[in-house]
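**Student:** Got a file for you: target.csv, CSV, C-alpha atoms.
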chain,number,residue,atom,x,y,z
A,45,MET,CA,0.0,0.0,0.0
A,46,SER,CA,1.4,3.4,-1.0
A,47,ILE,CA,1.5,6.3,1.5
A,48,PRO,CA,-1.4,8.2,-0.3
A,49,GLU,CA,-3.5,5.1,-0.1
A,50,LEU,CA,-2.7,4.7,3.6
A,51,CYS,CA,-3.7,8.3,4.2
A,52,GLU,CA,-7.0,7.7,2.4
A,53,ARG,CA,-7.6,4.7,4.7
A,54,ILE,CA,-6.8,6.8,7.8
A,55,GLN,CA,-9.2,9.5,6.9
A,56,ASN,CA,-11.9,7.1,6.2
A,57,THR,CA,-11.8,5.4,9.7
A,58,TRP,CA,-14.7,6.0,12.0
A,59,VAL,CA,-12.7,8.4,14.3
A,60,SER,CA,-11.5,10.5,11.4
A,61,ARG,CA,-14.9,10.8,9.8
A,62,THR,CA,-16.5,11.7,13.1
A,63,ILE,CA,-14.1,14.6,13.4
A,64,SER,CA,-14.2,15.8,9.7
A,65,GLU,CA,-17.9,15.4,9.1
A,66,SER,CA,-19.3,17.0,12.3
A,67,THR,CA,-19.6,20.8,12.5
A,68,TRP,CA,-17.6,21.1,15.8
A,69,GLY,CA,-15.3,18.1,15.5
A,70,TYR,CA,-12.3,19.8,13.8
A,71,PRO,CA,-12.5,23.1,15.6
A,72,ILE,CA,-12.6,21.3,19.0
A,73,VAL,CA,-9.7,18.9,18.2
A,74,GLY,CA,-7.7,21.7,16.7
A,75,ALA,CA,-8.3,23.9,19.7
A,76,LEU,CA,-7.3,21.1,22.1
A,77,HIS,CA,-4.0,20.7,20.1
A,78,VAL,CA,-3.2,24.4,20.5
A,79,LEU,CA,-4.3,24.4,24.1
A,80,ALA,CA,-2.0,21.5,24.9
A,81,ILE,CA,0.9,23.3,23.2
A,82,ALA,CA,0.2,26.5,25.1
A,83,LEU,CA,-0.1,24.8,28.5
A,84,PHE,CA,2.8,22.4,28.2
A,85,GLY,CA,5.1,23.9,25.6
A,86,MET,CA,7.0,25.7,28.3
A,87,ALA,CA,7.4,22.5,30.3
A,88,VAL,CA,9.2,21.0,27.3
A,89,LEU,CA,11.5,24.1,26.9
A,90,ILE,CA,12.3,24.3,30.7
A,91,PRO,CA,15.1,21.7,30.6
A,92,HIS,CA,16.8,23.8,27.9
A,93,ILE,CA,16.7,27.0,29.9
A,94,ARG,CA,19.1,27.3,32.7
A,95,LEU,CA,16.9,29.1,35.3
A,96,HIS,CA,19.0,31.0,37.9
A,97,ASP,CA,21.8,28.5,37.3
A,98,SER,CA,19.8,25.7,38.9
A,99,ASP,CA,18.7,23.0,36.5
A,100,LEU,CA,15.0,22.3,37.0
A,101,ASP,CA,15.2,19.5,34.5
A,102,THR,CA,13.9,16.4,36.2
A,103,ASP,CA,11.4,18.4,38.2
A,104,GLY,CA,8.7,18.5,35.6
A,105,ARG,CA,9.4,15.2,34.0
A,106,TRP,CA,5.9,13.8,34.4
A,107,ILE,CA,4.2,17.1,33.5
A,108,ARG,CA,6.4,17.0,30.3
A,109,ARG,CA,5.4,13.4,29.5
A,110,ILE,CA,1.7,14.0,30.0
A,111,GLY,CA,1.8,17.3,28.2
A,112,MET,CA,3.7,15.9,25.2
A,113,SER,CA,1.2,12.9,25.0
A,114,LEU,CA,-1.7,15.3,24.9
A,115,VAL,CA,-0.1,17.3,22.1
A,116,LEU,CA,0.7,14.2,20.1
A,117,ILE,CA,-2.7,12.6,20.6
A,118,SER,CA,-4.6,15.7,19.6
A,119,GLY,CA,-2.1,16.2,16.7
A,120,VAL,CA,-2.7,12.7,15.4
A,121,LEU,CA,-6.5,13.3,15.6
A,122,VAL,CA,-6.2,16.5,13.6
A,123,PHE,CA,-4.0,14.7,11.0
A,124,SER,CA,-6.4,11.8,10.7
A,125,SER,CA,-9.3,14.0,10.0
A,126,GLY,CA,-7.7,15.0,6.7
A,127,ALA,CA,-4.7,12.8,6.2
A,128,ALA,CA,-4.5,12.9,2.4
A,129,ARG,CA,-4.6,16.7,2.4
A,130,TYR,CA,-1.9,17.0,5.2
A,131,TYR,CA,0.3,14.5,3.3
A,132,GLU,CA,0.2,16.8,0.3
A,133,SER,CA,1.1,19.9,2.2
A,134,THR,CA,4.8,20.9,2.0
A,135,SER,CA,4.6,22.7,5.2
A,136,PHE,CA,3.2,19.6,7.0
A,137,ARG,CA,6.1,17.6,5.6
A,138,ILE,CA,8.6,20.2,6.9
A,139,LYS,CA,6.8,20.0,10.3
A,140,MET,CA,7.2,16.3,10.5
A,141,GLY,CA,10.8,16.5,9.4
A,142,LEU,CA,11.4,19.0,12.3
A,143,LEU,CA,9.6,16.7,14.7
A,144,ALA,CA,12.0,13.9,13.6
A,145,LEU,CA,15.0,16.2,14.2
A,146,ILE,CA,13.6,17.1,17.6
A,147,ALA,CA,13.3,13.4,18.5
A,148,LEU,CA,16.8,12.7,17.2
A,149,ASN,CA,18.2,15.6,19.2
A,150,ALA,CA,16.4,14.4,22.3
A,151,VAL,CA,17.8,10.9,22.0
A,152,SER,CA,21.3,12.1,21.3
A,153,SER,CA,21.3,14.3,24.4
A,154,ARG,CA,19.8,11.6,26.7
A,155,ARG,CA,23.0,11.0,28.6
A,156,HIS,CA,24.5,14.4,28.4
A,157,ARG,CA,22.7,17.6,27.3
A,158,SER,CA,25.1,20.2,25.9
A,159,ARG,CA,24.3,23.8,25.4
A,160,PHE,CA,24.4,23.0,21.7
A,161,ASN,CA,21.6,20.4,22.1
A,162,SER,CA,19.5,22.9,24.0
A,163,ALA,CA,20.0,25.7,21.4
A,164,VAL,CA,19.1,23.3,18.6
A,165,ALA,CA,15.9,22.1,20.5
A,166,MET,CA,14.7,25.7,21.0
A,167,VAL,CA,15.3,26.6,17.4
A,168,LEU,CA,13.5,23.5,16.2
A,169,TRP,CA,10.5,24.0,18.4
A,170,GLY,CA,10.2,27.6,17.2
A,171,ALA,CA,10.5,26.5,13.6
A,172,MET,CA,7.8,23.9,14.3
A,173,ILE,CA,5.3,26.6,15.2
A,174,PHE,CA,6.1,28.5,11.9
A,175,ALA,CA,5.7,25.3,9.9
A,176,SER,CA,2.4,24.5,11.6
A,177,ARG,CA,1.0,27.9,10.7
A,178,GLY,CA,2.3,27.4,7.2
A,179,ILE,CA,0.1,24.3,6.6
A,180,ALA,CA,-2.9,26.6,6.0
A,181,PHE,CA,-0.9,28.2,3.1
A,182,PHE,CA,1.2,25.7,1.4
B,34,MET,CA,1.1,49.4,7.9
B,35,ALA,CA,-2.2,47.6,8.2
B,36,GLU,CA,-2.0,46.6,4.6
B,37,PHE,CA,1.6,45.4,5.0
B,38,ILE,CA,0.5,43.1,7.9
B,39,LYS,CA,-2.5,41.8,5.9
B,40,GLN,CA,-0.2,40.8,3.1
B,41,SER,CA,-0.2,37.0,2.6
B,42,TRP,CA,3.1,36.1,4.2
B,43,VAL,CA,3.4,38.8,6.9
B,44,PHE,CA,0.2,37.9,8.8
B,45,PRO,CA,1.1,34.2,9.4
B,46,VAL,CA,4.6,35.2,10.5
B,47,VAL,CA,3.2,37.6,13.0
B,48,GLN,CA,0.7,35.0,14.1
B,49,SER,CA,3.4,32.4,14.6
B,50,VAL,CA,5.4,34.8,16.8
B,51,HIS,CA,2.1,35.4,18.7
B,52,LEU,CA,1.8,31.6,19.2
B,53,ILE,CA,5.3,31.3,20.4
B,54,GLY,CA,4.8,34.2,22.8
B,55,LEU,CA,1.5,32.6,24.0
B,56,THR,CA,3.3,29.3,24.6
B,57,VAL,CA,6.0,31.0,26.7
B,58,LEU,CA,3.5,33.1,28.6
B,59,VAL,CA,0.7,30.6,29.3
B,60,GLY,CA,3.1,27.7,29.6
B,61,SER,CA,5.2,29.4,32.3
B,62,ILE,CA,2.0,30.5,34.3
B,63,CYS,CA,0.7,26.9,33.9
B,64,LEU,CA,3.9,25.5,35.5
B,65,VAL,CA,3.6,27.8,38.5
B,66,ASP,CA,-0.1,26.9,38.8
B,67,LEU,CA,0.6,23.2,38.7
B,68,ARG,CA,3.2,23.7,41.3
B,69,LEU,CA,0.7,25.5,43.5
B,70,LEU,CA,-1.6,22.4,43.0
B,71,GLY,CA,1.3,20.2,44.2
B,72,VAL,CA,2.0,18.8,40.7
B,73,GLY,CA,5.6,18.6,39.6
B,74,ARG,CA,6.9,18.8,43.1
B,75,GLY,CA,8.9,15.9,44.4
B,76,VAL,CA,8.7,14.2,41.1
B,77,GLY,CA,12.0,12.9,39.9
B,78,ARG,CA,15.4,13.7,41.5
B,79,GLY,CA,15.9,17.3,40.4
B,80,VAL,CA,17.7,20.0,42.2
B,81,GLY,CA,14.4,22.0,42.3
B,82,ARG,CA,12.7,19.2,44.1
B,83,CYS,CA,12.2,20.9,47.4
B,84,GLN,CA,12.4,24.4,46.0
B,85,HIS,CA,9.9,26.9,47.4
B,86,ILE,CA,7.1,27.8,45.0
B,87,ALA,CA,7.9,31.5,45.3
B,88,ASP,CA,11.5,30.7,44.2
B,89,PHE,CA,10.4,28.6,41.3
B,90,ALA,CA,7.9,31.3,40.3
B,91,SER,CA,10.6,34.0,40.4
B,92,ALA,CA,12.9,31.8,38.3
B,93,VAL,CA,10.2,31.5,35.7
B,94,ALA,CA,9.0,35.1,35.9
B,95,PRO,CA,11.4,36.5,33.3
B,96,TRP,CA,9.9,34.1,30.7
B,97,THR,CA,6.4,35.0,31.7
B,98,LYS,CA,7.4,38.7,31.0
B,99,ARG,CA,9.0,37.8,27.7
B,100,GLY,CA,6.0,35.9,26.6
B,101,LEU,CA,3.7,38.7,27.6
B,102,LEU,CA,5.8,41.2,25.7
B,103,MET,CA,5.7,39.0,22.6
B,104,VAL,CA,1.9,38.7,22.6
B,105,LEU,CA,1.4,42.3,23.5
B,106,ILE,CA,3.4,43.4,20.5
B,107,THR,CA,2.1,40.9,17.9
B,108,GLY,CA,-1.6,40.9,19.2
B,109,PRO,CA,-2.2,44.6,18.5
B,110,LEU,CA,-0.4,44.3,15.2
B,111,MET,CA,-2.9,41.7,14.0
B,112,PHE,CA,-5.8,43.6,15.6
B,113,GLY,CA,-4.7,46.8,13.8
B,114,SER,CA,-4.5,45.1,10.5
B,115,ASP,CA,-8.3,44.5,10.3
B,116,LEU,CA,-10.3,46.4,13.0
B,117,THR,CA,-13.7,45.6,11.5
B,118,ARG,CA,-13.0,41.9,11.4
B,119,TYR,CA,-12.0,41.8,15.1
B,120,LEU,CA,-14.5,44.2,16.5
B,121,ASN,CA,-17.3,42.1,14.9
B,122,ASN,CA,-15.9,38.8,16.1
B,123,PRO,CA,-17.6,37.5,19.3
B,124,ALA,CA,-14.6,35.1,20.0
B,125,PHE,CA,-12.2,38.1,19.9
B,126,LEU,CA,-14.4,40.2,22.2
B,127,LEU,CA,-14.6,37.3,24.6
B,128,LYS,CA,-10.9,36.9,24.5
B,129,MET,CA,-10.3,40.5,25.3
B,130,GLY,CA,-12.7,40.4,28.3
B,131,LEU,CA,-11.0,37.2,29.6
B,132,LEU,CA,-7.6,38.8,29.1
B,133,ALA,CA,-8.6,41.8,31.3
B,134,VAL,CA,-9.8,39.3,34.0
B,135,ALA,CA,-6.6,37.2,33.7
B,136,LEU,CA,-4.2,40.1,33.9
B,137,ALA,CA,-6.1,41.7,36.8
B,138,GLY,CA,-6.0,38.3,38.6
B,139,GLN,CA,-2.4,37.6,37.7
B,140,PHE,CA,-1.1,40.8,39.5
B,141,THR,CA,-3.4,40.4,42.6
B,142,LEU,CA,-4.8,37.0,43.6
B,143,HIS,CA,-2.1,34.9,41.8
B,144,ARG,CA,0.8,37.0,42.9
B,145,ARG,CA,-0.4,36.9,46.5
B,146,ALA,CA,-0.9,33.1,46.3
B,147,VAL,CA,2.6,32.6,45.0
B,148,ARG,CA,4.2,34.9,47.5
B,149,ASP,CA,2.5,33.2,50.5
B,150,ALA,CA,3.3,29.7,49.3
B,151,GLY,CA,6.1,27.8,51.0
B,152,THR,CA,6.8,24.3,49.9
B,153,SER,CA,3.1,23.4,50.3
B,154,THR,CA,-0.1,25.3,49.7
B,155,ALA,CA,-3.4,26.1,51.4
B,156,LEU,CA,-6.8,25.7,49.8
B,157,THR,CA,-7.1,29.4,48.8
B,158,GLN,CA,-3.8,29.2,46.9
B,159,LYS,CA,-5.0,26.0,45.1
B,160,ILE,CA,-8.2,27.8,44.1
B,161,ALA,CA,-6.2,30.7,42.7
B,162,ALA,CA,-4.2,28.2,40.7
B,163,VAL,CA,-7.3,26.5,39.3
B,164,LEU,CA,-8.9,29.8,38.4
B,165,SER,CA,-5.7,30.9,36.7
B,166,LEU,CA,-5.6,27.7,34.6
B,167,ILE,CA,-9.2,28.0,33.6
B,168,VAL,CA,-9.0,31.7,32.6
B,169,TRP,CA,-5.7,31.4,30.6
B,170,SER,CA,-7.0,28.2,28.9
B,171,SER,CA,-10.2,30.0,28.0
B,172,ILE,CA,-8.1,32.8,26.4
B,173,VAL,CA,-6.2,30.3,24.3
B,174,LEU,CA,-9.5,28.6,23.2
B,175,ALA,CA,-11.2,31.9,22.5
B,176,GLY,CA,-8.1,33.0,20.4
B,177,ARG,CA,-8.2,29.8,18.4
B,178,ALA,CA,-12.0,30.3,17.9
B,179,ILE,CA,-11.6,33.7,16.3
B,180,ALA,CA,-11.1,32.0,12.9
B,181,ASP,CA,-14.3,29.9,13.5
B,182,PHE,CA,-16.5,33.0,14.3
B,183,ASP,CA,-15.5,35.3,11.5
B,184,ILE,CA,-18.4,37.3,10.3
B,185,ARG,CA,-17.4,38.4,6.8
B,186,ILE,CA,-18.5,41.8,5.9
B,187,VAL,CA,-18.8,42.2,2.2
As structure tokens, what does this structure read like?
**Tutor:**
Amino acid sequence: MSIPELCERIQNTWVSRTISESTWGYPIVGALHVLAIALFGMAVLIPHIRLHDSDLDTDGRWIRRIGMSLVLISGVLVFSSGAARYYESTSFRIKMGLLALIALNAVSSRRHRSRFNSAVAMVLWGAMIFASRGIAFF
Amino acid sequence: MAEFIKQSWVFPVVQSVHLIGLTVLVGSICLVDLRLLGVGRGVGRGVGRCQHIADFASAVAPWTKRGLLMVLITGPLMFGSDLTRYLNNPAFLLKMGLLAVALAGQFTLHRRAVRDAGTSTALTQKIAAVLSLIVWSSIVLAGRAIADFDIRIV
């Protein structure tokens, strides 16, 4: 099965159709995605910011895990509601590429997080917001 | 100026900066609120484990200010680009009302709750945190809903 075919399948599942065919489905799922980012985005950035020289890193580990899960779940739901259209979007592809780089950067800094890793993470997260907004345009 | 912002590529760029500012602002407030509610304290083995809530809040405060500065610059830019659109949009008007409530609460109730908190919190401080989470979340949702409640004037 090719990727476009897979996308067609995804957007024809019961969950996807419920979101895309109801009046409030997409606005609600989309709003929850943005809300999760607004509430927990900072928790993800905290380990990369040295606050008052004390590393608050492990402090919010569970907040970060739960927050990221909410962002990812709502994001997958948004994607599934129009998978074929998202797959076609250049901006969406850039966004997924950035997400992969973020994951790679996180894995590579698992044992030791350098200032370089932190700087890269901040830039990638910022770029992700731009790419997300870009989906509506290209 | 308004026309320049309305141009196809400028508006989404301003909007993206607004979103980044929003994440920094609301996200940093949310972390303090969660701490007031006892979440994120004593989890893991971090240096900040036993840190006082007021210390944690003051460490995060510069970021709250930076986020606020970003949204307060980009927000009026978007608003100024199309006054009729926003002034006729119920979601936008609700957002502004909520923003007034949130800012007033932030500098009174919330500030006092954080200041008086040690390593644990009383019920009133928890209530302040819940209210703060509700109001800021509503602002984000109302902001997102602006696009859903556009009344196009031809």
**Student:** Measuring between all atoms listed in the file, which one of A:Leu168, A:Val59, A:Ile107, A:Ile54 shows the shortest distance to Gly71 in chain B?
**Tutor:** A:Ile107
**Student:** At most 9 Å from (3.8, 27.7, 34.2), file frame, only C-alpha atoms: which residues, as a PDB file with C-alpha atoms, keeping the file's coordinate frame?
**Tutor:**
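As written to disk, point_11.pdb reads:
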ATOM      1  CA  LEU A  83      -0.100  24.800  28.500  1.00  0.00           C
ATOM      2  CA  PHE A  84       2.800  22.400  28.200  1.00  0.00           C
ATOM      3  CA  MET A  86       7.000  25.700  28.300  1.00  0.00           C
ATOM      4  CA  ALA A  87       7.400  22.500  30.300  1.00  0.00           C
TER       5      ALA A  87
ATOM      6  CA  VAL B  57       6.000  31.000  26.700  1.00  0.00           C
ATOM      7  CA  LEU B  58       3.500  33.100  28.600  1.00  0.00           C
ATOM      8  CA  VAL B  59       0.700  30.600  29.300  1.00  0.00           C
ATOM      9  CA  GLY B  60       3.100  27.700  29.600  1.00  0.00           C
ATOM     10  CA  SER B  61       5.200  29.400  32.300  1.00  0.00           C
ATOM     11  CA  ILE B  62       2.000  30.500  34.300  1.00  0.00           C
ATOM     12  CA  CYS B  63       0.700  26.900  33.900  1.00  0.00           C
ATOM     13  CA  LEU B  64       3.900  25.500  35.500  1.00  0.00           C
ATOM     14  CA  VAL B  65       3.600  27.800  38.500  1.00  0.00           C
ATOM     15  CA  ASP B  66      -0.100  26.900  38.800  1.00  0.00           C
ATOM     16  CA  LEU B  67       0.600  23.200  38.700  1.00  0.00           C
ATOM     17  CA  ARG B  68       3.200  23.700  41.300  1.00  0.00           C
ATOM     18  CA  ALA B  90       7.900  31.300  40.300  1.00  0.00           C
ATOM     19  CA  VAL B  93      10.200  31.500  35.700  1.00  0.00           C
ATOM     20  CA  THR B  97       6.400  35.000  31.700  1.00  0.00           C
TER      21      THR B  97
END
**Student:** Please list as a PyMOL selection string every residue within 9 Å of Arg145 in chain B, counting all atoms listed in the file and excluding residues in the same chain fewer than 5 positions away.
**Tutor:** chain B and resi 140+150+158
**Student:** Would you put the residues from that selection into a file with C-alpha atoms, as an mmCIF file, in the frame of the given file?
**Tutor:**
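Generated output (again_36.cif):
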data_model
loop_
_atom_site.group_PDB
_atom_site.id
_atom_site.type_symbol
_atom_site.label_atom_id
_atom_site.label_comp_id
_atom_site.auth_asym_id
_atom_site.auth_seq_id
_atom_site.Cartn_x
_atom_site.Cartn_y
_atom_site.Cartn_z
ATOM 1 C CA PHE B 140 -1.100 40.800 39.500
ATOM 2 C CA ALA B 150 3.300 29.700 49.300
ATOM 3 C CA GLN B 158 -3.800 29.200 46.900
#
**Student:** Please report the interatomic distance between CA of Phe174 in chain A and CA of Leu131 in chain B in Å with one decimal.
**Tutor:** 26.1 Å
**Student:** Using only C-alpha atoms, which protein or nucleic acid residues come within 10 Å of range 109-111 of chain B? Drop anything in the same chain fewer than 4 positions from it, and give the result as an MDAnalysis selection string.
**Tutor:** chainID B and resid 34:35 38:39 43:45 47:48 51 104:105 115:116 119
**Student:** What is the distance, in Å and to one decimal place, between CA of Ala161 in chain B and CA of Thr141 in chain B?
**Tutor:**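 For CA of Ala161 in chain B relative to CA of Thr141 in chain B, the distance reads 10.1 Å.
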**Student:** Counting all atoms listed in the file, which residue out of A:Ile179, A:Met140, A:Met166, A:Ile173 sits closest to chain B?
**Tutor:**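 Answer, going by the shortest atom-to-atom distance: A:Ile173.
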**Student:** Report, in Å with one decimal, the straight-line distance from CA of Ser113 in chain A to CA of Ile81 in chain A.
**Tutor:**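 Going from CA of Ser113 in chain A over to CA of Ile81 in chain A, I get 10.6 Å.
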**Student:** Find the spatial neighbours of Ala147 in chain A, counting all atoms listed in the file, within a cut-off of 12 Å - ignore same-chain residues fewer than 6 positions away - and output them as an MDAnalysis selection string.
**Tutor:** chainID A and resid 112 140:141 153:154 161 164:165 168:169
**Student:** Write out as a PyMOL selection string each polymer residue whose atoms come within 12 Å of Pro48 in chain A, counting only C-alpha atoms; drop sequence neighbours fewer than 6 positions from it.
**Tutor:** chain A and resi 54-55+126-132
**Student:** Save out the residues we just selected, C-alpha atoms, as a short mmCIF file (atom, residue, chain, number, x, y, z; two decimals), keeping the file's coordinate frame.
**Tutor:**
data_model
loop_
_atom_site.label_atom_id
_atom_site.label_comp_id
_atom_site.auth_asym_id
_atom_site.auth_seq_id
_atom_site.Cartn_x
_atom_site.Cartn_y
_atom_site.Cartn_z
CA ILE A 54 -6.80 6.80 7.80
CA GLN A 55 -9.20 9.50 6.90
CA GLY A 126 -7.70 15.00 6.70
CA ALA A 127 -4.70 12.80 6.20
CA ALA A 128 -4.50 12.90 2.40
CA ARG A 129 -4.60 16.70 2.40
CA TYR A 130 -1.90 17.00 5.20
CA TYR A 131 0.30 14.50 3.30
CA GLU A 132 0.20 16.80 0.30
#
**Student:** Counting only C-alpha atoms, I want the residues whose atoms come within 7 Å of (15.7, 23.7, 25.6) in the file frame, returned as a list in words.
**Tutor:**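 Returned residue set, sorted by chain then number, is Leu89, Ile90, Pro91, His92, Ile93, Ser162, Ala163, Ala165 and Met166 of chain A.
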